[in-house]
$ cat target06.cif   # mmCIF, C-alpha atoms and all ligand atoms
data_data
#
loop_
_atom_site.label_atom_id
_atom_site.label_comp_id
_atom_site.auth_asym_id
_atom_site.auth_seq_id
_atom_site.Cartn_x
_atom_site.Cartn_y
_atom_site.Cartn_z
CA MET A 1 57.08 112.65 118.49
CA THR A 2 56.14 112.18 114.84
CA ASP A 3 58.62 110.02 112.97
CA LEU A 4 59.32 112.22 109.94
CA SER A 5 61.86 109.88 108.38
CA ALA A 6 59.27 107.07 108.24
CA ILE A 7 56.82 109.44 106.53
CA ALA A 8 59.53 110.61 104.15
CA ASP A 9 60.32 106.99 103.20
CA ARG A 10 56.66 106.21 102.65
CA LEU A 11 56.15 109.28 100.45
CA SER A 12 59.29 108.56 98.51
CA SER A 13 58.14 105.06 97.59
CA LEU A 14 54.63 106.31 96.86
CA THR A 15 55.89 108.96 94.41
CA MET A 16 59.02 107.21 93.15
CA GLY A 17 61.33 109.70 94.81
CA ARG A 18 59.53 112.88 93.85
CA THR A 19 59.10 114.27 97.38
CA SER A 20 61.61 116.25 99.41
CA GLY A 21 61.92 118.95 102.07
CA LEU A 22 59.54 117.35 104.57
CA ARG A 23 58.99 119.56 107.64
CA LEU A 24 56.54 119.65 110.51
CA ARG A 25 56.06 122.93 112.41
CA GLU A 26 53.20 123.54 114.84
CA GLY A 27 50.96 120.98 113.18
CA MET A 28 51.69 122.16 109.62
CA LEU A 29 53.37 119.51 107.46
CA THR A 30 55.09 120.95 104.38
CA LEU A 31 56.79 119.12 101.56
CA VAL A 32 57.92 119.61 97.97
CA LEU A 33 56.56 117.44 95.16
CA ASP A 34 58.48 117.44 91.88
CA VAL A 35 55.92 117.09 89.08
CA THR A 36 58.30 117.48 86.14
CA GLY A 37 56.97 115.76 83.03
CA LEU A 38 53.69 114.63 84.59
CA SER A 39 50.37 115.25 82.90
CA ASN A 40 47.79 117.29 84.76
CA ASP A 41 45.70 114.25 85.69
CA VAL A 42 48.68 112.32 87.01
CA ARG A 43 50.04 115.23 89.05
CA GLU A 44 46.62 115.86 90.60
CA ALA A 45 46.21 112.17 91.44
CA MET A 46 49.71 112.11 92.94
CA GLU A 47 49.03 115.19 95.03
CA ARG A 48 45.83 113.58 96.35
CA GLU A 49 47.65 110.36 97.23
CA VAL A 50 50.41 112.24 99.04
CA ARG A 51 47.90 114.30 100.99
CA HIS A 52 45.91 111.20 101.88
CA ALA A 53 49.04 109.40 103.05
CA VAL A 54 50.11 112.10 105.51
CA GLN A 55 47.03 113.95 106.69
CA ASP A 56 46.21 111.55 109.55
CA ALA A 57 49.78 111.16 110.79
CA PRO A 58 50.21 112.02 114.48
CA GLY A 59 50.81 115.73 115.10
CA VAL A 60 49.66 116.76 111.60
CA ASP A 61 46.77 119.25 111.52
CA ASP A 62 47.34 120.63 108.05
CA VAL A 63 49.34 119.75 104.92
CA ARG A 64 50.92 122.10 102.43
CA ILE A 65 52.36 120.65 99.22
CA ALA A 66 54.55 122.86 97.03
CA MET A 67 54.75 121.54 93.49
CA THR A 68 57.87 122.25 91.51
CA GLN A 69 58.66 121.64 87.92
CA GLU A 70 62.07 121.50 86.33
CA LYS A 71 62.08 123.91 83.44
CA THR A 72 63.36 122.12 80.38
CA ALA A 73 65.29 124.58 78.29
CA LEU A 74 63.26 125.57 75.26
CA ARG A 75 65.24 126.61 72.23
CA ILE A 76 63.46 129.31 70.36
CA ILE A 77 63.92 129.73 66.65
CA ALA A 78 62.56 133.09 65.54
CA VAL A 79 61.32 133.45 61.98
CA GLY A 80 61.46 137.05 60.85
CA SER A 81 61.12 139.17 57.76
CA GLY A 82 61.72 142.78 56.95
CA LYS A 83 58.17 143.24 55.70
CA GLY A 84 54.80 141.52 55.49
CA GLY A 85 53.48 139.19 52.85
CA VAL A 86 56.73 137.43 51.98
CA GLY A 87 55.57 134.07 53.35
CA LYS A 88 57.05 134.20 56.85
CA SER A 89 53.99 132.51 58.38
CA THR A 90 53.87 129.87 55.65
CA LEU A 91 57.55 129.11 56.21
CA SER A 92 57.14 129.00 60.02
CA ALA A 93 54.26 126.51 59.88
CA ASN A 94 55.95 124.28 57.35
CA LEU A 95 59.33 124.44 59.06
CA ALA A 96 57.66 123.28 62.28
CA VAL A 97 55.87 120.42 60.52
CA ALA A 98 58.99 119.40 58.58
CA LEU A 99 61.12 119.43 61.76
CA LYS A 100 58.47 117.30 63.48
CA ARG A 101 58.67 114.82 60.58
CA LEU A 102 62.43 114.70 61.07
CA GLY A 103 61.80 113.56 64.64
CA HIS A 104 62.13 116.84 66.55
CA ARG A 105 59.88 117.80 69.46
CA VAL A 106 58.73 121.10 68.12
CA GLY A 107 56.02 123.61 68.96
CA LEU A 108 54.80 126.71 67.11
CA VAL A 109 54.00 130.20 68.41
CA ASP A 110 52.28 132.74 66.24
CA ALA A 111 53.56 136.04 67.57
CA ASP A 112 52.11 137.94 64.65
CA ILE A 113 49.62 139.88 66.73
CA TYR A 114 48.58 142.18 63.92
CA GLY A 115 47.58 139.42 61.54
CA PRO A 116 47.70 135.99 63.17
CA SER A 117 47.45 133.36 60.46
CA GLN A 118 48.75 130.16 62.05
CA PRO A 119 45.29 128.88 63.12
CA ARG A 120 44.28 128.91 59.46
CA LEU A 121 47.57 127.51 58.16
CA MET A 122 47.58 124.68 60.71
CA GLY A 123 43.85 123.96 60.55
CA SER A 124 43.11 124.93 64.17
CA GLU A 125 40.83 127.91 63.66
CA GLY A 126 38.19 128.44 66.33
CA GLU A 127 39.99 126.39 68.98
CA LYS A 128 40.58 127.93 72.39
CA PRO A 129 43.51 127.04 74.62
CA GLU A 130 42.81 125.94 78.18
CA ALA A 131 44.64 127.58 81.05
CA GLN A 132 45.53 126.73 84.61
CA ASP A 133 47.02 129.14 87.13
CA LYS A 134 47.25 131.74 84.36
CA GLN A 135 49.39 129.39 82.26
CA MET A 136 48.09 128.26 78.89
CA PHE A 137 48.17 124.79 77.44
CA PRO A 138 49.06 124.68 73.76
CA ILE A 139 46.51 123.49 71.24
CA GLN A 140 47.34 120.11 69.75
CA SER A 141 47.28 120.58 66.00
CA ARG A 142 46.51 117.72 63.63
CA TRP A 143 50.12 117.70 62.48
CA GLY A 144 51.73 116.66 65.75
CA VAL A 145 52.91 120.22 66.40
CA PRO A 146 51.41 121.87 69.50
CA MET A 147 50.74 125.54 68.90
CA LEU A 148 49.48 128.83 70.26
CA SER A 149 48.45 131.92 68.37
CA MET A 150 47.02 135.30 69.20
CA GLY A 151 44.34 134.17 66.76
CA HIS A 152 43.25 131.56 69.32
CA LEU A 153 42.77 134.24 71.96
CA VAL A 154 41.02 137.12 70.27
CA LYS A 155 38.37 137.65 67.68
CA PRO A 156 39.64 138.48 64.18
CA GLY A 157 40.60 142.15 63.94
CA GLN A 158 40.65 142.71 67.71
CA ALA A 159 44.40 142.26 68.17
CA ILE A 160 45.25 145.10 65.85
CA ALA A 161 44.59 147.70 68.57
CA TRP A 162 47.28 146.30 70.86
CA ARG A 163 50.37 148.34 71.32
CA GLY A 164 53.62 148.24 73.23
CA PRO A 165 53.59 146.54 76.63
CA MET A 166 50.15 144.99 76.18
CA ALA A 167 51.24 143.27 73.01
CA GLY A 168 54.52 142.24 74.65
CA ASN A 169 52.71 140.69 77.64
CA ALA A 170 50.36 138.77 75.40
CA LEU A 171 53.28 137.40 73.41
CA SER A 172 55.07 136.35 76.57
CA GLN A 173 52.05 134.36 77.66
CA LEU A 174 52.26 132.35 74.45
CA VAL A 175 55.96 131.64 74.82
CA ASP A 176 55.70 130.90 78.56
CA ALA A 177 52.88 128.39 78.11
CA ARG A 178 53.09 124.74 79.23
CA TRP A 179 55.25 123.44 76.40
CA ASP A 180 55.70 120.06 78.05
CA GLY A 181 57.54 117.55 75.90
CA ILE A 182 58.77 120.21 73.48
CA ASP A 183 62.38 121.28 73.10
CA THR A 184 62.24 123.58 70.10
CA LEU A 185 59.79 126.41 69.59
CA ILE A 186 59.33 128.05 66.22
CA VAL A 187 58.18 131.64 66.73
CA ASP A 188 56.53 133.39 63.80
CA LEU A 189 57.35 137.03 64.53
CA PRO A 190 55.27 139.99 63.43
CA PRO A 191 56.53 141.39 60.11
CA GLY A 192 58.93 144.31 60.23
CA THR A 193 61.59 145.52 62.60
CA GLY A 194 59.83 147.63 65.21
CA ASP A 195 59.77 147.78 69.02
CA VAL A 196 57.48 144.77 69.52
CA GLN A 197 59.92 142.58 67.61
CA LEU A 198 62.96 143.97 69.39
CA SER A 199 61.52 143.61 72.90
CA MET A 200 60.26 140.12 72.09
CA ILE A 201 63.73 139.12 70.92
CA GLN A 202 65.45 140.71 73.89
CA LYS A 203 63.09 139.12 76.38
CA HIS A 204 62.89 135.58 75.00
CA LYS A 205 66.43 135.32 73.63
CA PRO A 206 65.98 133.06 70.61
CA ALA A 207 68.74 130.52 70.02
CA GLY A 208 68.75 131.52 66.38
CA ALA A 209 66.84 133.29 63.64
CA VAL A 210 65.67 132.39 60.16
CA ILE A 211 65.04 135.27 57.78
CA VAL A 212 62.49 134.95 54.98
CA SER A 213 62.56 137.06 51.85
CA THR A 214 61.20 137.04 48.34
CA PRO A 215 63.71 137.42 45.50
CA GLN A 216 63.02 141.06 44.58
CA ASP A 217 65.76 143.56 45.33
CA LEU A 218 63.43 145.66 47.49
CA ALA A 219 62.43 142.68 49.63
CA LEU A 220 66.08 141.82 50.10
CA ILE A 221 66.81 145.34 51.32
CA ASP A 222 64.04 144.86 53.89
CA ALA A 223 65.52 141.48 54.81
CA ALA A 224 68.80 143.22 55.58
CA ARG A 225 66.95 145.31 58.14
CA ALA A 226 65.61 142.17 59.81
CA VAL A 227 69.15 140.82 59.87
CA SER A 228 70.46 143.91 61.63
CA LEU A 229 67.62 143.69 64.18
CA PHE A 230 68.79 140.21 65.20
CA GLU A 231 72.43 141.24 65.13
CA GLN A 232 71.64 144.20 67.37
CA ALA A 233 70.04 141.78 69.87
CA GLY A 234 72.94 139.31 69.63
CA VAL A 235 70.85 136.51 68.10
CA PRO A 236 72.77 134.13 65.81
CA LEU A 237 71.49 133.98 62.25
CA ILE A 238 70.71 130.45 61.06
CA GLY A 239 70.21 131.62 57.51
CA LEU A 240 68.07 133.12 54.78
CA VAL A 241 65.18 131.37 53.00
CA GLU A 242 64.09 132.61 49.61
CA ASN A 243 60.33 132.22 49.26
CA MET A 244 58.25 132.58 46.10
CA ALA A 245 61.45 131.87 44.23
CA GLY A 246 60.58 131.20 40.62
CA TYR A 247 57.10 130.32 39.44
CA ALA A 248 56.18 126.65 39.20
CA CYS A 249 53.65 126.29 36.34
CA PRO A 250 50.65 124.35 37.71
CA SER A 251 50.12 122.47 34.43
CA CYS A 252 53.63 121.55 33.28
CA GLY A 253 55.61 122.07 36.51
CA GLU A 254 58.26 124.10 34.68
CA VAL A 255 59.86 126.76 36.88
CA SER A 256 60.45 130.26 35.50
CA ASP A 257 62.11 133.17 37.29
CA PRO A 258 60.20 136.44 36.76
CA PHE A 259 62.46 138.20 39.30
CA GLY A 260 65.70 136.62 38.18
CA SER A 261 67.46 133.93 40.16
CA GLY A 262 70.39 133.72 42.54
CA GLY A 263 69.83 137.18 44.04
CA ALA A 264 68.84 135.96 47.50
CA GLU A 265 71.72 133.52 47.70
CA LYS A 266 74.12 136.29 46.76
CA ALA A 267 72.48 138.66 49.27
CA ALA A 268 72.81 136.03 52.01
CA GLY A 269 76.52 135.77 51.23
CA GLU A 270 76.88 139.55 51.37
CA MET A 271 75.10 139.64 54.72
CA GLY A 272 77.46 136.93 55.97
CA MET A 273 74.85 134.26 56.60
CA PRO A 274 74.08 130.83 55.15
CA PHE A 275 71.52 130.43 52.40
CA LEU A 276 69.04 127.76 53.49
CA GLY A 277 67.23 127.22 50.19
CA ARG A 278 64.33 128.32 48.06
CA ILE A 279 60.61 127.60 48.05
CA PRO A 280 58.93 128.09 44.67
CA LEU A 281 55.90 130.28 44.11
CA ALA A 282 53.39 127.49 43.63
CA MET A 283 49.63 127.49 43.48
CA GLY A 284 49.59 124.24 45.48
CA ILE A 285 51.36 125.92 48.41
CA ARG A 286 48.73 128.62 48.63
CA THR A 287 45.71 126.35 48.23
CA ALA A 288 46.96 123.75 50.73
CA SER A 289 47.90 126.51 53.20
CA ASP A 290 44.49 128.13 52.91
CA ALA A 291 42.89 124.73 53.53
CA GLY A 292 44.83 124.26 56.77
CA GLU A 293 46.99 121.50 55.35
CA PRO A 294 50.66 122.49 55.47
CA PRO A 295 52.33 121.26 52.28
CA ALA A 296 55.26 120.02 54.39
CA ALA A 297 52.94 117.36 55.82
CA GLY A 298 52.36 115.86 52.36
CA ASP A 299 54.56 114.29 49.72
CA GLY A 300 56.02 115.68 46.55
CA ALA A 301 58.19 118.59 45.52
CA GLU A 302 56.79 121.17 47.94
CA ALA A 303 57.15 118.94 51.00
CA GLU A 304 60.66 118.15 49.80
CA ALA A 305 61.58 121.84 49.54
CA PHE A 306 60.50 122.47 53.14
CA ARG A 307 62.20 119.28 54.34
CA ALA A 308 65.51 120.36 52.81
CA ILE A 309 65.35 123.65 54.73
CA ALA A 310 64.31 121.88 57.95
CA GLU A 311 67.30 119.55 57.60
CA GLN A 312 69.64 122.51 57.55
CA VAL A 313 67.96 124.05 60.58
CA ALA A 314 68.18 120.67 62.34
CA ALA A 315 71.88 120.44 61.48
CA TRP A 316 72.40 123.91 62.93
CA LEU A 317 70.57 122.88 66.13
CA GLY A 318 72.57 119.67 66.25
CA LYS A 319 75.78 121.66 66.62
CA GLY A 320 74.86 122.08 70.29
CA ARG A 321 72.91 125.27 69.96
N1 LIG A 401 55.73 129.79 48.10
C1 LIG A 401 54.49 130.22 47.99
N2 LIG A 401 53.74 129.92 46.89
C2 LIG A 401 52.48 130.39 46.78
N3 LIG A 401 51.86 131.14 47.69
C3 LIG A 401 52.55 131.46 48.80
C4 LIG A 401 53.90 131.02 49.00
N4 LIG A 401 54.31 131.49 50.20
C5 LIG A 401 53.28 132.19 50.71
N5 LIG A 401 52.24 132.19 49.88
C6 LIG A 401 50.94 132.86 50.05
O1 LIG A 401 51.22 134.25 50.19
C7 LIG A 401 50.35 134.84 51.16
C8 LIG A 401 51.20 135.49 52.25
O2 LIG A 401 51.93 134.47 52.93
P1 LIG A 401 52.17 134.54 54.50
O3 LIG A 401 50.90 134.87 55.23
O4 LIG A 401 52.89 133.31 54.89
O5 LIG A 401 53.13 135.77 54.54
P2 LIG A 401 53.69 136.59 55.79
O6 LIG A 401 55.03 137.07 55.41
O7 LIG A 401 53.57 135.80 57.02
O8 LIG A 401 52.68 137.76 55.79
P3 LIG A 401 52.30 138.67 57.05
O9 LIG A 401 53.58 138.97 57.71
O10 LIG A 401 51.66 139.85 56.42
O11 LIG A 401 51.40 137.85 57.90
C9 LIG A 401 49.46 133.69 51.65
O12 LIG A 401 48.27 133.72 50.93
C10 LIG A 401 50.25 132.44 51.31
O13 LIG A 401 49.43 131.31 51.10
#
$ encode --input "target06.cif" --output "C-alpha cells"
Amino acid sequence: MTDLSAIADRLSSLTMGRTSGLRLREGMLTLVLDVTGLSNDVREAMEREVRHAVQDAPGVDDVRIAMTQEKTALRIIAVGSGKGGVGKSTLSANLAVALKRLGHRVGLVDADIYGPSQPRLMGSEGEKPEAQDKQMFPIQSRWGVPMLSMGHLVKPGQAIAWRGPMAGNALSQLVDARWDGIDTLIVDLPPGTGDVQLSMIQKHKPAGAVIVSTPQDLALIDAARAVSLFEQAGVPLIGLVENMAGYACPSCGEVSDPFGSGGAEKAAGEMGMPFLGRIPLAMGIRTASDAGEPPAAGDGAEAEAFRAIAEQVAAWLGKGR
C-alpha cells in the first residue's frame, strides 16, 4: 500500500507546509496547494515540483493539484461626486499616490466607464493588462500604485455604449483582479448617482466614501445627492473634499476665491460629515495631471494639499475600518 503520510511529509517540507488534503483513490492522487502571496512564476514552479515529487509514487497514475489562495480583505474607498468635471479623477489618482507615499499598500481602479481618465493621469496610457484564468493583473504604474482602468481595456469612445449589467460586469472584473500585496483600493466612480453607481456600491461594499465637490452652491447640491446615494447603500462617509477651491495665481501664488470660501466646509457640517480639506484651482495641477505626473508625487504646495487629505483618510482607516 502507498504510504501517504510519508508523501505528505515530503510535500510539506518541499513546500514549507503549503500542502494539505492528500488523498489517493483508484490511482488518482489529489492534494491542495496553498499559493497565497506567491508570484505566478513561483507558484508554477512549486506546482511542477510537487507534481514531480509524487507522480512516480507507487499506486499513483494521475495527479490533481487544487490551488487555493487566501483572499486578503481589500478595503475599498469609493471616490464619488454628484456630477462630472469637479476633479473626482484627479483627487482619486492623487489620493492613491499620497497614501502610497504615507506607506500604504494601495491600488487604483478607474470605474469611470463613460470617460476613463486614470491611464492619462497616471501615465499608463496604451498599456494592456495581462490576464490568467479570466482574472486580470493590475498594471504597475510608475508611481508605485498598481491600477486598472476601463481605458486599458477598450479603445477611446468605445466604453460609452455600455449600459447596465454589461457595465457592471466590466467594473467587477477590475475590482476582482489579482490585487496581490494591496490592502486598500481607491475606486474612482463614474460621475453622478445613477444605477451603475448604486449597483457597484451595493456589490463591492466600500469601507468608506470620499465625496468631491467644487465650491459653487450648485455643485454642493449635487454633492448632497452623492452623499445620499452612499447613505442609502449604508456606506460610511469619510468626508468631503473641496476641489478647485480658490484660484492660485501662477505668477505670484496668491489665492483668491471667485466662488467665496468656506461654503463646502459648512455644507459638509450640514450633511453631518467631516471636511477633509481643499485643493486649490491651480494651473500646475492641470498641466502635471495632463502629463501623467500626479502632483501628489512631487514636492511643494500641491503635493502637500493632497498629502494632508490622505493623512485624514489614513487616520480614518487606522480606526480599524
Ligand atoms: N484643482 C485643480 N486645479 C486645476 N485643474 C484641475 C483641478 N482639479 C481638476 N482639474 C482639471 O479639471 C479637469 C476635470 O478634472 P477630472 O477629470 O479630475 O474631473 P472628474 O470629476 O473626474 O470629471 P469626470 O467625472 O467628468 O471624469 C481636468 O482637466 C483636470 O486636470
$ residues_near_ligand --input "target06.cif" --ligand "ligand LIG 401 (chain A)" --cutoff "10 Å" --atoms "all atoms listed in the file" --output "VMD selection string"
chain A and resid 79 to 94 110 112 to 118 120 to 121 188 to 192 212 to 214 242 to 248 278 to 291 294 302 305
$ residues_around --input "target06.cif" --residues "Ala131 (chain A)" --least-positions-apart "2" --cutoff "12 Å" --atoms "all atoms listed in the file" --output "list in words"
Asn40, Lys128, Pro129, Asp133, Lys134, Gln135, Met136, Phe137, Pro138, Ile139, Leu148, Leu153, Gln173, Leu174, Asp176, Ala177 and Arg178 of chain A
$ closest_residue --input "target06.cif" --among "A:Gln55, A:Ser251, A:Ser256, A:Thr15" --to "Thr30 (chain A)" --atoms "only C-alpha atoms"
A:Gln55
$ closest_residue --input "target06.cif" --among "A:Glu270, A:Leu220, A:Leu11, A:Phe259" --to "Arg48 (chain A)" --atoms "all atoms listed in the file"
A:Leu11
$ atom_distance --input "target06.cif" --atom1 "CA of Phe230 (chain A)" --atom2 "CA of Ala268 (chain A)"
14.4 Å
$ atom_distance --input "target06.cif" --atom1 "CA of Glu304 (chain A)" --atom2 "CA of Cys249 (chain A)"
17.2 Å
$ atom_distance --input "target06.cif" --atom1 "CA of Phe306 (chain A)" --atom2 "CA of Phe275 (chain A)"
13.6 Å
$ closest_residue --input "target06.cif" --among "A:Met67, A:Ala98, A:Leu29, A:Ala167" --to "Glu44 (chain A)" --atoms "only C-alpha atoms"
A:Met67
$ closest_residue --input "target06.cif" --among "A:Asp217, A:Asp180, A:Glu311, A:Asp299" --to "Gly260 (chain A)" --atoms "all atoms listed in the file"
A:Asp217
$ residues_near_point --input "target06.cif" --point "(55.7, 111.1, 118.4)" --cutoff "8 Å" --atoms "only C-alpha atoms" --output "list in words"
Met1, Thr2, Asp3, Pro58 and Gly59 of chain A
